[in-house]
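structure-v6.cif (mmCIF, C-alpha atoms; chains and numbers go by the auth columns)
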data_query
loop_
_atom_site.group_PDB
_atom_site.id
_atom_site.type_symbol
_atom_site.label_atom_id
_atom_site.label_comp_id
_atom_site.label_asym_id
_atom_site.label_seq_id
_atom_site.Cartn_x
_atom_site.Cartn_y
_atom_site.Cartn_z
_atom_site.B_iso_or_equiv
_atom_site.auth_seq_id
_atom_site.auth_asym_id
ATOM 1 C CA MET A 1 40.399 -14.942 -37.341 0.00 1 A
ATOM 2 C CA ASN A 2 39.260 -18.558 -37.067 0.00 2 A
ATOM 3 C CA VAL A 3 35.557 -19.440 -37.039 0.00 3 A
ATOM 4 C CA ARG A 4 35.522 -20.609 -33.402 0.00 4 A
ATOM 5 C CA ARG A 5 37.109 -17.379 -32.139 0.00 5 A
ATOM 6 C CA LYS A 6 34.666 -15.276 -34.160 0.00 6 A
ATOM 7 C CA LYS A 7 31.723 -17.240 -32.757 0.00 7 A
ATOM 8 C CA GLU A 8 32.937 -16.703 -29.171 0.00 8 A
ATOM 9 C CA MET A 9 33.237 -12.962 -29.735 0.00 9 A
ATOM 10 C CA CYS A 10 29.685 -12.771 -31.101 0.00 10 A
ATOM 11 C CA GLU A 11 28.171 -14.969 -28.394 0.00 11 A
ATOM 12 C CA GLU A 12 25.555 -13.168 -26.281 0.00 12 A
ATOM 13 C CA ARG A 13 26.091 -13.684 -22.573 0.00 13 A
ATOM 14 C CA ILE A 14 22.920 -13.583 -20.499 0.00 14 A
ATOM 15 C CA LEU A 15 23.106 -13.451 -16.726 0.00 15 A
ATOM 16 C CA PRO A 16 21.143 -16.156 -14.923 0.00 16 A
ATOM 17 C CA GLU A 17 18.108 -15.188 -12.868 0.00 17 A
ATOM 18 C CA PRO A 18 19.223 -13.834 -9.470 0.00 18 A
ATOM 19 C CA HIS A 19 18.680 -15.709 -6.241 0.00 19 A
ATOM 20 C CA ARG A 20 15.567 -14.023 -4.873 0.00 20 A
ATOM 21 C CA TYR A 21 16.731 -14.462 -1.283 0.00 21 A
ATOM 22 C CA ALA A 22 19.735 -12.261 -2.107 0.00 22 A
ATOM 23 C CA VAL A 23 18.487 -9.276 -4.139 0.00 23 A
ATOM 24 C CA CYS A 24 16.009 -6.414 -4.052 0.00 24 A
ATOM 25 C CA ALA A 25 12.705 -6.753 -5.838 0.00 25 A
ATOM 26 C CA PRO A 26 12.685 -4.796 -9.104 0.00 26 A
ATOM 27 C CA ASP A 27 10.154 -2.122 -9.970 0.00 27 A
ATOM 28 C CA GLY A 28 7.163 -3.050 -12.096 0.00 28 A
ATOM 29 C CA ILE A 29 6.130 -6.113 -10.088 0.00 29 A
ATOM 30 C CA PRO A 30 4.464 -6.409 -6.666 0.00 30 A
ATOM 31 C CA ILE A 31 7.161 -6.971 -4.062 0.00 31 A
ATOM 32 C CA LYS A 32 5.436 -9.935 -2.431 0.00 32 A
ATOM 33 C CA GLU A 33 4.910 -11.540 -5.832 0.00 33 A
ATOM 34 C CA PHE A 34 8.636 -11.322 -6.549 0.00 34 A
ATOM 35 C CA TYR A 35 9.482 -13.022 -3.232 0.00 35 A
ATOM 36 C CA LYS A 36 6.669 -15.591 -3.415 0.00 36 A
ATOM 37 C CA GLU A 37 7.690 -18.967 -1.949 0.00 37 A
ATOM 38 C CA VAL A 38 10.916 -17.360 -0.681 0.00 38 A
ATOM 39 C CA PHE A 39 9.723 -14.941 2.039 0.00 39 A
ATOM 40 C CA ASP A 40 6.301 -14.796 3.703 0.00 40 A
ATOM 41 C CA GLU A 41 6.370 -11.114 4.642 0.00 41 A
ATOM 42 C CA ILE A 42 8.188 -7.931 3.655 0.00 42 A
ATOM 43 C CA PHE A 43 8.470 -4.754 5.703 0.00 43 A
ATOM 44 C CA VAL A 44 9.402 -1.453 4.077 0.00 44 A
ATOM 45 C CA PHE A 45 11.473 0.559 6.566 0.00 45 A
ATOM 46 C CA PHE A 46 12.298 4.215 6.031 0.00 46 A
ATOM 47 C CA HIS A 47 15.816 5.645 6.079 0.00 47 A
ATOM 48 C CA PRO A 48 15.894 8.325 8.804 0.00 48 A
ATOM 49 C CA PHE A 49 17.007 11.893 8.220 0.00 49 A
ATOM 50 C CA ILE A 50 20.304 12.850 9.863 0.00 50 A
ATOM 51 C CA LYS A 51 20.661 15.521 12.540 0.00 51 A
ATOM 52 C CA PRO A 52 24.363 16.336 13.182 0.00 52 A
ATOM 53 C CA LYS A 53 25.292 16.762 16.850 0.00 53 A
ATOM 54 C CA THR A 54 29.085 16.995 17.111 0.00 54 A
ATOM 55 C CA ILE A 55 29.766 17.042 13.403 0.00 55 A
ATOM 56 C CA ASP A 56 29.591 19.996 11.016 0.00 56 A
ATOM 57 C CA PHE A 57 26.401 20.136 8.935 0.00 57 A
ATOM 58 C CA GLU A 58 28.417 21.702 6.118 0.00 58 A
ATOM 59 C CA LEU A 59 30.271 18.407 5.646 0.00 59 A
ATOM 60 C CA PHE A 60 27.184 16.771 4.182 0.00 60 A
ATOM 61 C CA HIS A 61 28.222 17.251 0.572 0.00 61 A
ATOM 62 C CA PRO A 62 29.521 14.608 -1.874 0.00 62 A
ATOM 63 C CA ASP A 63 33.206 15.549 -1.540 0.00 63 A
ATOM 64 C CA THR A 64 33.218 15.714 2.274 0.00 64 A
ATOM 65 C CA TYR A 65 30.376 13.411 3.273 0.00 65 A
ATOM 66 C CA PRO A 66 30.980 11.820 6.711 0.00 66 A
ATOM 67 C CA SER A 67 31.499 8.091 7.053 0.00 67 A
ATOM 68 C CA ARG A 68 28.836 5.764 8.380 0.00 68 A
ATOM 69 C CA ASN A 69 30.708 5.470 11.685 0.00 69 A
ATOM 70 C CA ASP A 70 30.989 9.264 11.999 0.00 70 A
ATOM 71 C CA ILE A 71 27.264 9.691 11.435 0.00 71 A
ATOM 72 C CA ARG A 72 26.398 6.884 13.860 0.00 72 A
ATOM 73 C CA ASP A 73 28.629 8.303 16.601 0.00 73 A
ATOM 74 C CA ASN A 74 28.123 12.035 16.044 0.00 74 A
ATOM 75 C CA GLY A 75 24.558 12.429 14.865 0.00 75 A
ATOM 76 C CA GLU A 76 21.013 11.485 15.717 0.00 76 A
ATOM 77 C CA MET A 77 18.184 10.245 13.573 0.00 77 A
ATOM 78 C CA VAL A 78 15.065 12.167 12.660 0.00 78 A
ATOM 79 C CA THR A 79 12.210 9.843 11.744 0.00 79 A
ATOM 80 C CA TRP A 80 9.887 10.472 8.823 0.00 80 A
ATOM 81 C CA LYS A 81 7.066 11.003 11.322 0.00 81 A
ATOM 82 C CA GLN A 82 9.099 13.698 13.090 0.00 82 A
ATOM 83 C CA PHE A 83 10.002 15.320 9.771 0.00 83 A
ATOM 84 C CA LEU A 84 6.316 15.540 8.823 0.00 84 A
ATOM 85 C CA SER A 85 5.620 17.455 12.029 0.00 85 A
ATOM 86 C CA PHE A 86 7.708 20.484 11.037 0.00 86 A
ATOM 87 C CA SER A 87 8.134 20.306 7.261 0.00 87 A
ATOM 88 C CA GLY A 88 4.629 20.941 5.971 0.00 88 A
ATOM 89 C CA ILE A 89 4.645 17.591 4.162 0.00 89 A
ATOM 90 C CA GLU A 90 1.245 15.916 4.512 0.00 90 A
ATOM 91 C CA ASN A 91 2.043 12.201 4.593 0.00 91 A
ATOM 92 C CA PHE A 92 4.624 9.518 3.879 0.00 92 A
ATOM 93 C CA LYS A 93 3.599 9.171 0.245 0.00 93 A
ATOM 94 C CA GLN A 94 4.205 12.856 -0.397 0.00 94 A
ATOM 95 C CA LEU A 95 7.499 12.717 1.483 0.00 95 A
ATOM 96 C CA ASP A 96 8.719 9.772 -0.586 0.00 96 A
ATOM 97 C CA ILE A 97 7.721 11.488 -3.832 0.00 97 A
ATOM 98 C CA GLY A 98 9.395 14.721 -2.700 0.00 98 A
ATOM 99 C CA LEU A 99 12.621 12.913 -1.866 0.00 99 A
ATOM 100 C CA ARG A 100 12.567 11.121 -5.225 0.00 100 A
ATOM 101 C CA THR A 101 11.872 14.423 -6.979 0.00 101 A
ATOM 102 C CA ASN A 102 14.924 16.006 -5.364 0.00 102 A
ATOM 103 C CA ILE A 103 17.232 13.298 -6.721 0.00 103 A
ATOM 104 C CA LEU A 104 15.596 13.385 -10.170 0.00 104 A
ATOM 105 C CA GLY A 105 14.371 9.854 -9.604 0.00 105 A
ATOM 106 C CA LEU A 106 10.952 10.296 -11.206 0.00 106 A
ATOM 107 C CA ARG A 107 9.582 11.159 -14.607 0.00 107 A
ATOM 108 C CA GLU A 108 8.377 14.745 -14.755 0.00 108 A
ATOM 109 C CA GLN A 109 4.672 13.808 -14.697 0.00 109 A
ATOM 110 C CA PHE A 110 5.130 12.036 -11.354 0.00 110 A
ATOM 111 C CA GLU A 111 7.226 14.713 -9.634 0.00 111 A
ATOM 112 C CA ASP A 112 5.994 16.902 -6.777 0.00 112 A
ATOM 113 C CA ARG A 113 8.022 20.102 -6.932 0.00 113 A
ATOM 114 C CA ASN A 114 6.133 21.665 -4.025 0.00 114 A
ATOM 115 C CA ALA A 115 7.001 18.742 -1.767 0.00 115 A
ATOM 116 C CA ALA A 116 10.623 18.895 -2.917 0.00 116 A
ATOM 117 C CA ILE A 117 10.795 22.601 -2.023 0.00 117 A
ATOM 118 C CA LEU A 118 9.224 22.009 1.399 0.00 118 A
ATOM 119 C CA ILE A 119 11.804 19.297 2.099 0.00 119 A
ATOM 120 C CA GLU A 120 14.690 21.553 1.084 0.00 120 A
ATOM 121 C CA LYS A 121 13.421 24.412 3.249 0.00 121 A
ATOM 122 C CA ALA A 122 12.985 22.149 6.291 0.00 122 A
ATOM 123 C CA ILE A 123 16.435 20.637 5.795 0.00 123 A
ATOM 124 C CA LEU A 124 18.184 24.002 5.629 0.00 124 A
ATOM 125 C CA LYS A 125 16.175 25.588 8.458 0.00 125 A
ATOM 126 C CA ASN A 126 16.832 22.696 10.846 0.00 126 A
ATOM 127 C CA SER A 127 20.336 21.711 9.641 0.00 127 A
ATOM 128 C CA ILE A 128 19.187 18.199 8.828 0.00 128 A
ATOM 129 C CA ALA A 129 20.681 16.014 6.115 0.00 129 A
ATOM 130 C CA PRO A 130 18.279 13.988 3.974 0.00 130 A
ATOM 131 C CA PRO A 131 18.466 10.200 4.002 0.00 131 A
ATOM 132 C CA ASN A 132 20.685 8.604 1.389 0.00 132 A
ATOM 133 C CA GLU A 133 19.034 6.782 -1.463 0.00 133 A
ATOM 134 C CA GLY A 134 20.180 3.302 -2.343 0.00 134 A
ATOM 135 C CA GLN A 135 22.245 2.845 0.816 0.00 135 A
ATOM 136 C CA LEU A 136 21.413 1.014 4.005 0.00 136 A
ATOM 137 C CA PRO A 137 20.538 3.588 6.715 0.00 137 A
ATOM 138 C CA GLU A 138 23.168 4.636 9.231 0.00 138 A
ATOM 139 C CA PHE A 139 21.187 4.643 12.468 0.00 139 A
ATOM 140 C CA VAL A 140 18.943 1.577 12.531 0.00 140 A
ATOM 141 C CA MET A 141 21.281 -1.054 11.133 0.00 141 A
ATOM 142 C CA ASN A 142 23.112 -1.832 14.374 0.00 142 A
ATOM 143 C CA ASN A 143 19.844 -2.536 16.181 0.00 143 A
ATOM 144 C CA VAL A 144 18.775 -4.883 13.392 0.00 144 A
ATOM 145 C CA LEU A 145 22.161 -6.615 13.243 0.00 145 A
ATOM 146 C CA LYS A 146 22.276 -7.120 17.016 0.00 146 A
ATOM 147 C CA GLU A 147 18.795 -8.606 17.024 0.00 147 A
ATOM 148 C CA ILE A 148 19.696 -10.949 14.169 0.00 148 A
ATOM 149 C CA THR A 149 22.553 -12.277 16.316 0.00 149 A
ATOM 150 C CA ASN A 150 20.064 -12.731 19.175 0.00 150 A
ATOM 151 C CA LEU A 151 18.097 -14.961 16.824 0.00 151 A
ATOM 152 C CA GLY A 152 21.131 -17.227 16.530 0.00 152 A
ATOM 153 C CA HIS A 153 22.840 -15.948 13.378 0.00 153 A
ATOM 154 C CA ASN A 154 26.535 -15.080 13.452 0.00 154 A
ATOM 155 C CA TRP A 155 27.286 -14.476 9.770 0.00 155 A
ATOM 156 C CA LEU A 156 25.823 -12.384 6.984 0.00 156 A
ATOM 157 C CA TRP A 157 26.533 -12.361 3.300 0.00 157 A
ATOM 158 C CA ILE A 158 26.978 -8.868 1.846 0.00 158 A
ATOM 159 C CA GLY A 159 26.337 -8.552 -1.859 0.00 159 A
ATOM 160 C CA ASP A 160 26.409 -5.845 -4.509 0.00 160 A
ATOM 161 C CA GLU A 161 23.258 -4.677 -6.298 0.00 161 A
ATOM 162 C CA PHE A 162 22.666 -7.859 -8.281 0.00 162 A
ATOM 163 C CA CYS A 163 24.614 -10.036 -5.855 0.00 163 A
ATOM 164 C CA THR A 164 27.014 -11.182 -8.547 0.00 164 A
ATOM 165 C CA GLU A 165 29.722 -10.500 -5.960 0.00 165 A
ATOM 166 C CA ARG A 166 29.220 -11.304 -2.289 0.00 166 A
ATOM 167 C CA LYS A 167 31.346 -11.663 0.828 0.00 167 A
ATOM 168 C CA LEU A 168 30.687 -13.469 4.093 0.00 168 A
ATOM 169 C CA ASN A 169 31.038 -11.241 7.169 0.00 169 A
ATOM 170 C CA TYR A 170 30.928 -11.877 10.894 0.00 170 A
ATOM 171 C CA ILE A 171 28.008 -9.804 12.187 0.00 171 A
ATOM 172 C CA THR A 172 29.866 -8.553 15.262 0.00 172 A
ATOM 173 C CA ASP A 173 32.506 -7.038 12.957 0.00 173 A
ATOM 174 C CA LEU A 174 29.797 -5.184 11.050 0.00 174 A
ATOM 175 C CA ILE A 175 28.341 -3.817 14.279 0.00 175 A
ATOM 176 C CA LYS A 176 31.728 -2.528 15.418 0.00 176 A
ATOM 177 C CA ASP A 177 32.581 -1.016 12.040 0.00 177 A
ATOM 178 C CA ASN A 178 29.546 0.170 10.105 0.00 178 A
ATOM 179 C CA ASN A 179 31.792 1.367 7.291 0.00 179 A
ATOM 180 C CA LYS A 180 31.966 -2.270 6.183 0.00 180 A
ATOM 181 C CA LEU A 181 28.374 -1.805 4.983 0.00 181 A
ATOM 182 C CA ASP A 182 29.342 0.881 2.466 0.00 182 A
ATOM 183 C CA ASP A 183 29.244 -1.376 -0.571 0.00 183 A
ATOM 184 C CA GLY A 184 26.377 -3.516 0.657 0.00 184 A
ATOM 185 C CA LYS A 185 23.059 -3.446 -1.164 0.00 185 A
ATOM 186 C CA ASN A 186 21.954 -6.885 0.010 0.00 186 A
ATOM 187 C CA LEU A 187 22.541 -8.529 3.379 0.00 187 A
ATOM 188 C CA PHE A 188 21.267 -12.067 3.951 0.00 188 A
ATOM 189 C CA THR A 189 21.783 -14.805 6.506 0.00 189 A
ATOM 190 C CA HIS A 190 23.718 -17.922 5.578 0.00 190 A
ATOM 191 C CA ASP A 191 20.539 -20.021 5.714 0.00 191 A
ATOM 192 C CA ASN A 192 18.738 -17.515 3.430 0.00 192 A
ATOM 193 C CA SER A 193 15.994 -16.919 6.013 0.00 193 A
ATOM 194 C CA ILE A 194 16.455 -13.126 6.431 0.00 194 A
ATOM 195 C CA LEU A 195 17.185 -10.508 3.776 0.00 195 A
ATOM 196 C CA ILE A 196 17.873 -6.782 4.196 0.00 196 A
ATOM 197 C CA THR A 197 17.974 -5.079 0.819 0.00 197 A
ATOM 198 C CA THR A 198 17.778 -1.568 -0.572 0.00 198 A
ATOM 199 C CA HIS A 199 16.625 -0.249 -3.935 0.00 199 A
ATOM 200 C CA TRP A 200 19.146 1.876 -5.831 0.00 200 A
ATOM 201 C CA ASP A 201 17.159 5.142 -5.979 0.00 201 A
ATOM 202 C CA SER A 202 14.872 4.723 -2.960 0.00 202 A
ATOM 203 C CA HIS A 203 15.083 6.171 0.549 0.00 203 A
ATOM 204 C CA PHE A 204 13.947 2.985 2.229 0.00 204 A
ATOM 205 C CA SER A 205 14.999 -0.642 2.504 0.00 205 A
ATOM 206 C CA LEU A 206 13.173 -3.962 2.638 0.00 206 A
ATOM 207 C CA LEU A 207 13.314 -6.460 5.483 0.00 207 A
ATOM 208 C CA CYS A 208 12.194 -9.917 4.394 0.00 208 A
ATOM 209 C CA SER A 209 11.608 -13.113 6.373 0.00 209 A
ATOM 210 C CA ASP A 210 8.890 -15.370 7.754 0.00 210 A
ATOM 211 C CA ARG A 211 5.972 -13.726 9.579 0.00 211 A
ATOM 212 C CA GLN A 212 7.100 -14.487 13.130 0.00 212 A
ATOM 213 C CA THR A 213 10.713 -13.407 12.616 0.00 213 A
ATOM 214 C CA LEU A 214 9.751 -10.263 10.751 0.00 214 A
ATOM 215 C CA LYS A 215 7.240 -9.172 13.370 0.00 215 A
ATOM 216 C CA HIS A 216 9.865 -9.738 16.066 0.00 216 A
ATOM 217 C CA LEU A 217 12.512 -7.683 14.256 0.00 217 A
ATOM 218 C CA VAL A 218 10.153 -4.821 13.383 0.00 218 A
ATOM 219 C CA THR A 219 8.846 -4.566 16.939 0.00 219 A
ATOM 220 C CA THR A 220 12.129 -5.062 18.774 0.00 220 A
ATOM 221 C CA CYS A 221 14.076 -2.679 16.534 0.00 221 A
ATOM 222 C CA ASN A 222 11.228 -0.123 16.422 0.00 222 A
ATOM 223 C CA LEU A 223 11.438 0.169 12.649 0.00 223 A
ATOM 224 C CA GLU A 224 9.450 2.932 10.984 0.00 224 A
ATOM 225 C CA GLY A 225 7.563 1.875 7.900 0.00 225 A
ATOM 226 C CA PHE A 226 4.815 -0.501 6.798 0.00 226 A
ATOM 227 C CA TYR A 227 4.142 -4.110 5.842 0.00 227 A
ATOM 228 C CA CYS A 228 3.717 -4.819 2.140 0.00 228 A
ATOM 229 C CA THR A 229 0.293 -5.820 0.856 0.00 229 A
ATOM 230 C CA GLU A 230 -0.172 -8.020 -2.189 0.00 230 A
ATOM 231 C CA ALA A 231 -0.173 -4.881 -4.365 0.00 231 A
ATOM 232 C CA THR A 232 2.786 -2.941 -2.929 0.00 232 A
ATOM 233 C CA GLU A 233 5.519 -2.130 -5.441 0.00 233 A
ATOM 234 C CA ILE A 234 8.862 -0.333 -5.109 0.00 234 A
ATOM 235 C CA TYR A 235 7.231 2.915 -6.284 0.00 235 A
ATOM 236 C CA TRP A 236 4.474 2.511 -3.673 0.00 236 A
ATOM 237 C CA SER A 237 4.065 6.261 -3.180 0.00 237 A
ATOM 238 C CA LEU A 238 2.716 6.588 -6.728 0.00 238 A
ATOM 239 C CA SER A 239 -0.006 4.029 -6.046 0.00 239 A
ATOM 240 C CA LYS A 240 -3.573 4.797 -4.955 0.00 240 A
ATOM 241 C CA GLU A 241 -3.390 1.907 -2.519 0.00 241 A
ATOM 242 C CA THR A 242 -3.918 2.843 1.130 0.00 242 A
ATOM 243 C CA LEU A 243 -0.950 1.989 3.333 0.00 243 A
ATOM 244 C CA GLU A 244 -1.248 1.160 6.989 0.00 244 A
ATOM 245 C CA TYR A 245 1.533 2.867 8.887 0.00 245 A
ATOM 246 C CA ILE A 246 3.185 0.656 11.506 0.00 246 A
ATOM 247 C CA GLY A 247 5.950 1.594 13.952 0.00 247 A
ATOM 248 C CA GLY A 248 7.876 4.830 14.295 0.00 248 A
#

Mind turning this structure into structure tokens?
Amino acid sequence: MNVRRKKEMCEERILPEPHRYAVCAPDGIPIKEFYKEVFDEIFVFFHPFIKPKTIDFELFHPDTYPSRNDIRDNGEMVTWKQFLSFSGIENFKQLDIGLRTNILGLREQFEDRNAAILIEKAILKNSIAPPNEGQLPEFVMNNVLKEITNLGHNWLWIGDEFCTERKLNYITDLIKDNNKLDDGKNLFTHDNSILITTHWDSHFSLLCSDRQTLKHLVTTCNLEGFYCTEATEIYWSLSKETLEYIGG
């Protein structure tokens, strides 16, 4: 083997820093700090639970899980606030920790097994499917996409987790066929002014933009969640910080 070939094989390849307008904030750093000088405000919006209407609840298993279009057309959403009312869960922090516990997304010392059990009991008793982690929610996306078009945007880039691969999509096509969102972790406008992104093991997504646009989208689309403070991180439910609930 020649020296040049051997050097190429040993060369360490380091990915460049991601475009912050195109990816989710990582854990371990305040969300607003990560997006500083890119987005003014960030809203954490919860993924709703799924109540089947004309679709069999028994299909909600990995091998038979319904498509996004099937869920949109044959189910209805149950908000986190509604779920609290009949589950015995005390607040949104406990609900988030319970959901993370059920997917083994937390270290043992941070788990809440009681909350996880309460969630499982409420799900089975009411035939409700839990929200998916790391995937854009089925029910609220069309409202958000339609409102983004009302703001004058016609195209969205859809990228994978680290946005090393991305594809430009016409927003109207996404609204008609939600299944096109299956592989999307990051959606952002062509001018990089709006980002919708989801964390891989979280049951919520982030909506990022300037203050005026974000307030308009949150209000118009009736998103359930809260605005990030300077201290909010991805694992916000483990923080002692007090969160102001907005929407729902």

*For Asn132 of chain A, which residue among A:Lys215, A:His153, A:His61, A:Lys240 is the nearest when counting only C-alpha atoms?*
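Result for the nearest residue to Asn132 of chain A: A:His61.
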
*If you apply the PyMOL selection byres ((chain A and resi 20) around 12) to this file, what residues do you get, as a PyMOL selection string?*
chain A and resi 16-19+21-26+31-39+162-163+186+188+192-197+208-209

Include C-alpha atoms and write out the residues we just selected as a compact mmCIF listing (two decimals), keeping the file's coordinate frame.
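File written: again-v9.txt
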# COMPACT_ATOMS: atom_id res chain seq x y z
CA PRO A 16 21.14 -16.16 -14.92
CA GLU A 17 18.11 -15.19 -12.87
CA PRO A 18 19.22 -13.83 -9.47
CA HIS A 19 18.68 -15.71 -6.24
CA TYR A 21 16.73 -14.46 -1.28
CA ALA A 22 19.74 -12.26 -2.11
CA VAL A 23 18.49 -9.28 -4.14
CA CYS A 24 16.01 -6.41 -4.05
CA ALA A 25 12.70 -6.75 -5.84
CA PRO A 26 12.68 -4.80 -9.10
CA ILE A 31 7.16 -6.97 -4.06
CA LYS A 32 5.44 -9.94 -2.43
CA GLU A 33 4.91 -11.54 -5.83
CA PHE A 34 8.64 -11.32 -6.55
CA TYR A 35 9.48 -13.02 -3.23
CA LYS A 36 6.67 -15.59 -3.42
CA GLU A 37 7.69 -18.97 -1.95
CA VAL A 38 10.92 -17.36 -0.68
CA PHE A 39 9.72 -14.94 2.04
CA PHE A 162 22.67 -7.86 -8.28
CA CYS A 163 24.61 -10.04 -5.86
CA ASN A 186 21.95 -6.88 0.01
CA PHE A 188 21.27 -12.07 3.95
CA ASN A 192 18.74 -17.52 3.43
CA SER A 193 15.99 -16.92 6.01
CA ILE A 194 16.45 -13.13 6.43
CA LEU A 195 17.18 -10.51 3.78
CA ILE A 196 17.87 -6.78 4.20
CA THR A 197 17.97 -5.08 0.82
CA CYS A 208 12.19 -9.92 4.39
CA SER A 209 11.61 -13.11 6.37

*asked:* Nearest residue to Phe86 of chain A out of A:Pro48, A:Asn126, A:Ser67, A:Thr54, using only C-alpha atoms?
replied: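 Checking each of A:Pro48, A:Asn126, A:Ser67, A:Thr54 against Phe86 of chain A, counting only C-alpha atoms, the winner is A:Asn126.
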
Name the residues captured by the PyMOL selection byres ((chain A and resi 94) around 12) when it is applied to the shown file; answer as a short mmCIF file (atom, residue, chain, number, x, y, z; two decimals) with C-alpha atoms, keeping the file's coordinate frame.
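This is the output file part.cif:
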data_model
loop_
_atom_site.label_atom_id
_atom_site.label_comp_id
_atom_site.auth_asym_id
_atom_site.auth_seq_id
_atom_site.Cartn_x
_atom_site.Cartn_y
_atom_site.Cartn_z
CA TRP A 80 9.89 10.47 8.82
CA PHE A 83 10.00 15.32 9.77
CA LEU A 84 6.32 15.54 8.82
CA SER A 87 8.13 20.31 7.26
CA GLY A 88 4.63 20.94 5.97
CA ILE A 89 4.64 17.59 4.16
CA GLU A 90 1.25 15.92 4.51
CA ASN A 91 2.04 12.20 4.59
CA PHE A 92 4.62 9.52 3.88
CA LYS A 93 3.60 9.17 0.24
CA LEU A 95 7.50 12.72 1.48
CA ASP A 96 8.72 9.77 -0.59
CA ILE A 97 7.72 11.49 -3.83
CA GLY A 98 9.40 14.72 -2.70
CA LEU A 99 12.62 12.91 -1.87
CA ARG A 100 12.57 11.12 -5.22
CA THR A 101 11.87 14.42 -6.98
CA PHE A 110 5.13 12.04 -11.35
CA GLU A 111 7.23 14.71 -9.63
CA ASP A 112 5.99 16.90 -6.78
CA ARG A 113 8.02 20.10 -6.93
CA ASN A 114 6.13 21.66 -4.03
CA ALA A 115 7.00 18.74 -1.77
CA ALA A 116 10.62 18.90 -2.92
CA ILE A 117 10.80 22.60 -2.02
CA LEU A 118 9.22 22.01 1.40
CA ILE A 119 11.80 19.30 2.10
CA TYR A 235 7.23 2.92 -6.28
CA TRP A 236 4.47 2.51 -3.67
CA SER A 237 4.07 6.26 -3.18
CA LEU A 238 2.72 6.59 -6.73
CA SER A 239 -0.01 4.03 -6.05
#

*Find the distance between atom CA of Arg72 of chain A and atom CA of Trp157 of chain A and write it in Å to one decimal.*
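Interatomic distance, atom CA of Arg72 of chain A to atom CA of Trp157 of chain A: 22.0 Å.
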
*Using all atoms listed in the file, which of the listed residues (A:Glu108, A:Asp63, A:Asp27, A:Glu138) sits closest to Ile50 of chain A?*
A:Glu138

Specify the axis-aligned box that encloses all atoms of segment 20-30 of chain A listed in the file after padding of 3 Å on each side, stating its centre and edge lengths in Å to one decimal as lines of an AutoDock Vina configuration file.
center_x = 12.1
center_y = -8.3
center_z = -6.7
size_x = 21.3
size_y = 18.3
size_z = 16.8

*Might you pull out every residue within 9 Å of Thr229 of chain A, with only C-alpha atoms counted and same-chain residues fewer than 4 positions away left off, and present them as a list in words?*
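Near neighbours after the sequence-gap exclusion: Pro30, Ile31, Lys32, Glu41, Ile42, Glu233 and Leu243 of chain A.
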
*Would you work out the distance separating atom CA of Asp183 of chain A from atom CA of Asp160 of chain A, expressed in Å to one decimal?*
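One can read the atom CA of Asp183 of chain A to atom CA of Asp160 of chain A distance as 6.6 Å.
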
*Just say which residues the PyMOL selection byres ((chain A and resi 204) around 6) picks in this file, as a PyMOL selection string.*
chain A and resi 45-47+202-203+205

*For atom CA of Gly152 of chain A and atom CA of Gly225 of chain A, determine how far apart the two atoms are, in Å to one decimal place.*
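Spanning atom CA of Gly152 of chain A to atom CA of Gly225 of chain A is a straight-line distance of 25.0 Å.
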
*In terms of the shortest atom-to-atom distance over only C-alpha atoms, which of A:Gly184, A:Tyr227, A:Leu145, A:Pro52 is closest to Thr164 of chain A?*
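Nearest to Thr164 of chain A: A:Gly184.
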
*Enumerate, as number ranges by chain, the protein, DNA and RNA residues whose atoms approach (20.6, 7.1, 10.7) to within 9 Å, taking into account all atoms listed in the file and the coordinate frame of the file.*
A: 47-51, 68, 71-72, 75-79, 131, 137-141

*Residue contacts of Asp177 of chain A (10 Å, all atoms listed in the file) excluding same-chain residues fewer than 6 positions away, as a list in words*: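 Result of the neighbour search: Arg68, Asn69, Asn142 and Ile171 of chain A.
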
*List the neighbours of Ile158 of chain A out to 8 Å using all atoms listed in the file; skip same-chain residues closer than 6 positions along the sequence, and give me the result as number ranges by chain.*
A: 166-169, 181, 184-188

*Between A:Asn143, A:Asp210, A:Leu106, A:Ile148, single out the one closest to Asn178 of chain A, counting all atoms listed in the file.*
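Result for the nearest residue to Asn178 of chain A: A:Asn143.
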
*Proximity to Pro130 of chain A - best of A:Lys146, A:Val218, A:Gln109, A:Phe60, all atoms listed in the file*: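 Checking each candidate against Pro130 of chain A, we get A:Phe60 as the closest.
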